[in-house]
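**Student:** Take a look at the following structure, please.
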Amino acid sequence: MGLHMSKCPNCGNEATKIVKEWNYSIFHVKNFNCTTCQKNFKAYFKQGKFSHIIDSTQRKPIYSVIQYLKKHDSARAEEIAEAENLSVAEVIKMLEELEKKGIVESITT
Ligand SMILES: [Zn+2]
């Protein structure tokens, strides 16, 4: 079960309860429920290897940016910044991070 385990970003315990799994873009996503603190988080895997975690219980600004991009096929950093109440510089930084991870295809500023 090694591949199916992931550490809870909240309490650091190994959470083994998978609530749901699906494919998202190039990732395989597993939604875990931490059996210790009862929080849910999503672990992203790329080609069978662990990539990163998104903790949906703490809505980070980067999560809002991803949600915005899901709703709008493409968007300029300025539009996202205005819609999500962030600074343009912050949004650009987050988009660059997302591009590195392969979540965002290309950045146009
Ligand atoms: Zn936990």
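We name chains A, B, ... following the order of the structure tokens; residues begin at 1 in each chain, and ligands are numbered from 1 as shown.
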List all protein, DNA and RNA residues that have at least one atom no more than 10 Å from any atom of ligand 1, counting only C-alpha atoms and all ligand atoms, and write them as a PDB file with N, CA and C atoms, in the first residue's frame.

**Tutor:**
ATOM      1  N   LYS A   7       1.226  11.661   3.692  1.00  0.00           N
ATOM      2  CA  LYS A   7       1.225  12.300   5.011  1.00  0.00           C
ATOM      3  C   LYS A   7       0.234  13.444   5.085  1.00  0.00           C
ATOM      4  N   CYS A   8      -0.491  13.505   6.165  1.00  0.00           N
ATOM      5  CA  CYS A   8      -1.451  14.584   6.385  1.00  0.00           C
ATOM      6  C   CYS A   8      -0.696  15.904   6.551  1.00  0.00           C
ATOM      7  N   PRO A   9      -1.041  16.939   5.757  1.00  0.00           N
ATOM      8  CA  PRO A   9      -0.339  18.216   5.871  1.00  0.00           C
ATOM      9  C   PRO A   9      -0.692  18.946   7.162  1.00  0.00           C
ATOM     10  N   ASN A  10      -1.744  18.523   7.803  1.00  0.00           N
ATOM     11  CA  ASN A  10      -2.212  19.185   9.014  1.00  0.00           C
ATOM     12  C   ASN A  10      -1.536  18.641  10.270  1.00  0.00           C
ATOM     13  N   CYS A  11      -1.543  17.322  10.448  1.00  0.00           N
ATOM     14  CA  CYS A  11      -1.011  16.746  11.685  1.00  0.00           C
ATOM     15  C   CYS A  11       0.224  15.872  11.445  1.00  0.00           C
ATOM     16  N   GLY A  12       0.559  15.598  10.183  1.00  0.00           N
ATOM     17  CA  GLY A  12       1.772  14.843   9.886  1.00  0.00           C
ATOM     18  C   GLY A  12       1.630  13.341   9.991  1.00  0.00           C
ATOM     19  N   ASN A  13       0.436  12.878  10.319  1.00  0.00           N
ATOM     20  CA  ASN A  13       0.234  11.435  10.398  1.00  0.00           C
ATOM     21  C   ASN A  13       0.014  10.833   9.030  1.00  0.00           C
ATOM     22  N   GLU A  14       0.283   9.554   8.907  1.00  0.00           N
ATOM     23  CA  GLU A  14       0.043   8.871   7.644  1.00  0.00           C
ATOM     24  C   GLU A  14      -1.449   8.607   7.525  1.00  0.00           C
ATOM     25  N   ALA A  15      -2.041   9.202   6.514  1.00  0.00           N
ATOM     26  CA  ALA A  15      -3.465   9.001   6.291  1.00  0.00           C
ATOM     27  C   ALA A  15      -3.647   7.918   5.254  1.00  0.00           C
ATOM     28  N   PHE A  32      -7.621  12.180   0.240  1.00  0.00           N
ATOM     29  CA  PHE A  32      -7.446  11.431   1.477  1.00  0.00           C
ATOM     30  C   PHE A  32      -8.251  12.044   2.612  1.00  0.00           C
ATOM     31  N   ASN A  33      -8.642  11.207   3.509  1.00  0.00           N
ATOM     32  CA  ASN A  33      -9.219  11.688   4.753  1.00  0.00           C
ATOM     33  C   ASN A  33      -8.282  11.232   5.856  1.00  0.00           C
ATOM     34  N   CYS A  34      -7.783  12.193   6.628  1.00  0.00           N
ATOM     35  CA  CYS A  34      -6.868  11.864   7.719  1.00  0.00           C
ATOM     36  C   CYS A  34      -7.667  11.228   8.850  1.00  0.00           C
ATOM     37  N   THR A  35      -7.269  10.023   9.210  1.00  0.00           N
ATOM     38  CA  THR A  35      -8.010   9.312  10.254  1.00  0.00           C
ATOM     39  C   THR A  35      -7.708   9.877  11.643  1.00  0.00           C
ATOM     40  N   THR A  36      -6.661  10.707  11.737  1.00  0.00           N
ATOM     41  CA  THR A  36      -6.301  11.284  13.030  1.00  0.00           C
ATOM     42  C   THR A  36      -7.051  12.593  13.294  1.00  0.00           C
ATOM     43  N   CYS A  37      -6.941  13.531  12.348  1.00  0.00           N
ATOM     44  CA  CYS A  37      -7.554  14.847  12.593  1.00  0.00           C
ATOM     45  C   CYS A  37      -8.817  15.074  11.756  1.00  0.00           C
ATOM     46  N   GLN A  38      -9.193  14.089  10.961  1.00  0.00           N
ATOM     47  CA  GLN A  38     -10.434  14.142  10.181  1.00  0.00           C
ATOM     48  C   GLN A  38     -10.455  15.205   9.081  1.00  0.00           C
ATOM     49  N   LYS A  39      -9.277  15.686   8.678  1.00  0.00           N
ATOM     50  CA  LYS A  39      -9.249  16.670   7.594  1.00  0.00           C
ATOM     51  C   LYS A  39      -9.041  15.962   6.255  1.00  0.00           C
ATOM     52  N   ASN A  40      -9.562  16.591   5.215  1.00  0.00           N
ATOM     53  CA  ASN A  40      -9.388  16.053   3.872  1.00  0.00           C
ATOM     54  C   ASN A  40      -8.281  16.808   3.150  1.00  0.00           C
ATOM     55  N   PHE A  41      -7.507  16.106   2.373  1.00  0.00           N
ATOM     56  CA  PHE A  41      -6.525  16.760   1.519  1.00  0.00           C
ATOM     57  C   PHE A  41      -6.339  15.936   0.269  1.00  0.00           C
TER      58      PHE A  41
END

**Student:** From segment 21-57 of chain A, collect each residue whose DSSP state is strand (DSSP E or B) and return the set as a PyMOL selection string.

**Tutor:** chain A and resi 21-24+27-33+40-46+49-54

**Student:** Save out the residues we just selected, N, CA and C atoms, as a PDB file, in the first residue's frame.

**Tutor:**
ATOM      1  N   GLU A  21     -10.642   8.859  -5.953  1.00  0.00           N
ATOM      2  CA  GLU A  21      -9.487   9.044  -6.844  1.00  0.00           C
ATOM      3  C   GLU A  21      -9.966   9.382  -8.237  1.00  0.00           C
ATOM      4  N   TRP A  22      -9.238  10.228  -8.915  1.00  0.00           N
ATOM      5  CA  TRP A  22      -9.599  10.560 -10.279  1.00  0.00           C
ATOM      6  C   TRP A  22      -8.371  11.093 -11.009  1.00  0.00           C
ATOM      7  N   ASN A  23      -8.487  11.269 -12.310  1.00  0.00           N
ATOM      8  CA  ASN A  23      -7.388  11.836 -13.088  1.00  0.00           C
ATOM      9  C   ASN A  23      -7.691  13.294 -13.386  1.00  0.00           C
ATOM     10  N   TYR A  24      -6.688  14.119 -13.196  1.00  0.00           N
ATOM     11  CA  TYR A  24      -6.842  15.534 -13.461  1.00  0.00           C
ATOM     12  C   TYR A  24      -5.639  15.993 -14.274  1.00  0.00           C
ATOM     13  N   PHE A  27      -2.197  14.515 -13.950  1.00  0.00           N
ATOM     14  CA  PHE A  27      -2.064  13.972 -12.599  1.00  0.00           C
ATOM     15  C   PHE A  27      -3.102  12.904 -12.278  1.00  0.00           C
ATOM     16  N   HIS A  28      -2.710  12.038 -11.365  1.00  0.00           N
ATOM     17  CA  HIS A  28      -3.677  11.154 -10.738  1.00  0.00           C
ATOM     18  C   HIS A  28      -3.875  11.700  -9.333  1.00  0.00           C
ATOM     19  N   VAL A  29      -5.119  12.015  -8.988  1.00  0.00           N
ATOM     20  CA  VAL A  29      -5.403  12.674  -7.721  1.00  0.00           C
ATOM     21  C   VAL A  29      -6.065  11.700  -6.759  1.00  0.00           C
ATOM     22  N   LYS A  30      -5.608  11.741  -5.519  1.00  0.00           N
ATOM     23  CA  LYS A  30      -6.253  10.950  -4.478  1.00  0.00           C
ATOM     24  C   LYS A  30      -6.710  11.879  -3.372  1.00  0.00           C
ATOM     25  N   ASN A  31      -7.976  11.784  -3.059  1.00  0.00           N
ATOM     26  CA  ASN A  31      -8.518  12.586  -1.975  1.00  0.00           C
ATOM     27  C   ASN A  31      -8.464  11.745  -0.696  1.00  0.00           C
ATOM     28  N   PHE A  32      -7.621  12.180   0.240  1.00  0.00           N
ATOM     29  CA  PHE A  32      -7.446  11.431   1.477  1.00  0.00           C
ATOM     30  C   PHE A  32      -8.251  12.044   2.612  1.00  0.00           C
ATOM     31  N   ASN A  33      -8.642  11.207   3.509  1.00  0.00           N
ATOM     32  CA  ASN A  33      -9.219  11.688   4.753  1.00  0.00           C
ATOM     33  C   ASN A  33      -8.282  11.232   5.856  1.00  0.00           C
ATOM     34  N   ASN A  40      -9.562  16.591   5.215  1.00  0.00           N
ATOM     35  CA  ASN A  40      -9.388  16.053   3.872  1.00  0.00           C
ATOM     36  C   ASN A  40      -8.281  16.808   3.150  1.00  0.00           C
ATOM     37  N   PHE A  41      -7.507  16.106   2.373  1.00  0.00           N
ATOM     38  CA  PHE A  41      -6.525  16.760   1.519  1.00  0.00           C
ATOM     39  C   PHE A  41      -6.339  15.936   0.269  1.00  0.00           C
ATOM     40  N   LYS A  42      -5.841  16.582  -0.784  1.00  0.00           N
ATOM     41  CA  LYS A  42      -5.655  15.895  -2.061  1.00  0.00           C
ATOM     42  C   LYS A  42      -4.179  15.733  -2.339  1.00  0.00           C
ATOM     43  N   ALA A  43      -3.783  14.528  -2.697  1.00  0.00           N
ATOM     44  CA  ALA A  43      -2.397  14.271  -3.084  1.00  0.00           C
ATOM     45  C   ALA A  43      -2.367  14.058  -4.598  1.00  0.00           C
ATOM     46  N   TYR A  44      -1.434  14.730  -5.256  1.00  0.00           N
ATOM     47  CA  TYR A  44      -1.299  14.630  -6.706  1.00  0.00           C
ATOM     48  C   TYR A  44      -0.115  13.750  -7.059  1.00  0.00           C
ATOM     49  N   PHE A  45      -0.337  12.825  -7.980  1.00  0.00           N
ATOM     50  CA  PHE A  45       0.716  11.921  -8.430  1.00  0.00           C
ATOM     51  C   PHE A  45       0.916  12.091  -9.926  1.00  0.00           C
ATOM     52  N   LYS A  46       2.174  12.101 -10.326  1.00  0.00           N
ATOM     53  CA  LYS A  46       2.501  12.225 -11.738  1.00  0.00           C
ATOM     54  C   LYS A  46       3.286  10.996 -12.140  1.00  0.00           C
ATOM     55  N   LYS A  49       4.405   8.775  -9.431  1.00  0.00           N
ATOM     56  CA  LYS A  49       5.241   9.352  -8.380  1.00  0.00           C
ATOM     57  C   LYS A  49       4.510  10.502  -7.700  1.00  0.00           C
ATOM     58  N   PHE A  50       4.689  10.613  -6.386  1.00  0.00           N
ATOM     59  CA  PHE A  50       4.068  11.686  -5.641  1.00  0.00           C
ATOM     60  C   PHE A  50       4.563  13.047  -6.139  1.00  0.00           C
ATOM     61  N   SER A  51       3.626  13.974  -6.350  1.00  0.00           N
ATOM     62  CA  SER A  51       4.003  15.291  -6.831  1.00  0.00           C
ATOM     63  C   SER A  51       3.812  16.360  -5.759  1.00  0.00           C
ATOM     64  N   HIS A  52       2.587  16.581  -5.359  1.00  0.00           N
ATOM     65  CA  HIS A  52       2.336  17.603  -4.346  1.00  0.00           C
ATOM     66  C   HIS A  52       0.987  17.396  -3.687  1.00  0.00           C
ATOM     67  N   ILE A  53       0.753  18.179  -2.633  1.00  0.00           N
ATOM     68  CA  ILE A  53      -0.498  18.076  -1.878  1.00  0.00           C
ATOM     69  C   ILE A  53      -1.241  19.400  -1.937  1.00  0.00           C
ATOM     70  N   ILE A  54      -2.548  19.312  -2.087  1.00  0.00           N
ATOM     71  CA  ILE A  54      -3.361  20.512  -1.941  1.00  0.00           C
ATOM     72  C   ILE A  54      -4.301  20.278  -0.774  1.00  0.00           C
TER      73      ILE A  54
END

**Student:** Please report the interatomic distance between atom CA of Arg76 of chain A and atom CA of Lys101 of chain A in Å with one decimal.

**Tutor:** 18.9 Å

**Student:** Go through chain A and collect every residue that DSSP, computed from the backbone, puts in alpha helix (DSSP H); the answer should be as number ranges by chain.

**Tutor:** A: 61-71, 77-84, 88-100

**Student:** Enter the distance from atom CA of Asn85 of chain A to atom CA of Gly102 of chain A, in Å, rounded to one decimal.

**Tutor:**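 Rounded to one decimal, the two atoms are 24.2 Å apart.
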
**Student:** Excluding Met94 of chain A and residues on its chain fewer than 3 positions from it, collect all residues at most 10 Å away from it, counting only C-alpha atoms, and give them as a PyMOL selection string.

**Tutor:** chain A and resi 61-63+65-66+77+88-91+97-100

**Student:** Considering only C-alpha atoms, state which residue in the set A:Ile18, A:Ser64, A:Ile26, A:Val104 is at the smallest distance from Leu86 of chain A.

**Tutor:**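 Smallest separation from Leu86 of chain A among the options: A:Ser64.
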
**Student:** Atom CA of Ala75 of chain A to atom CA of Leu95 of chain A: how many Å, to one decimal?

**Tutor:** 10.8 Å
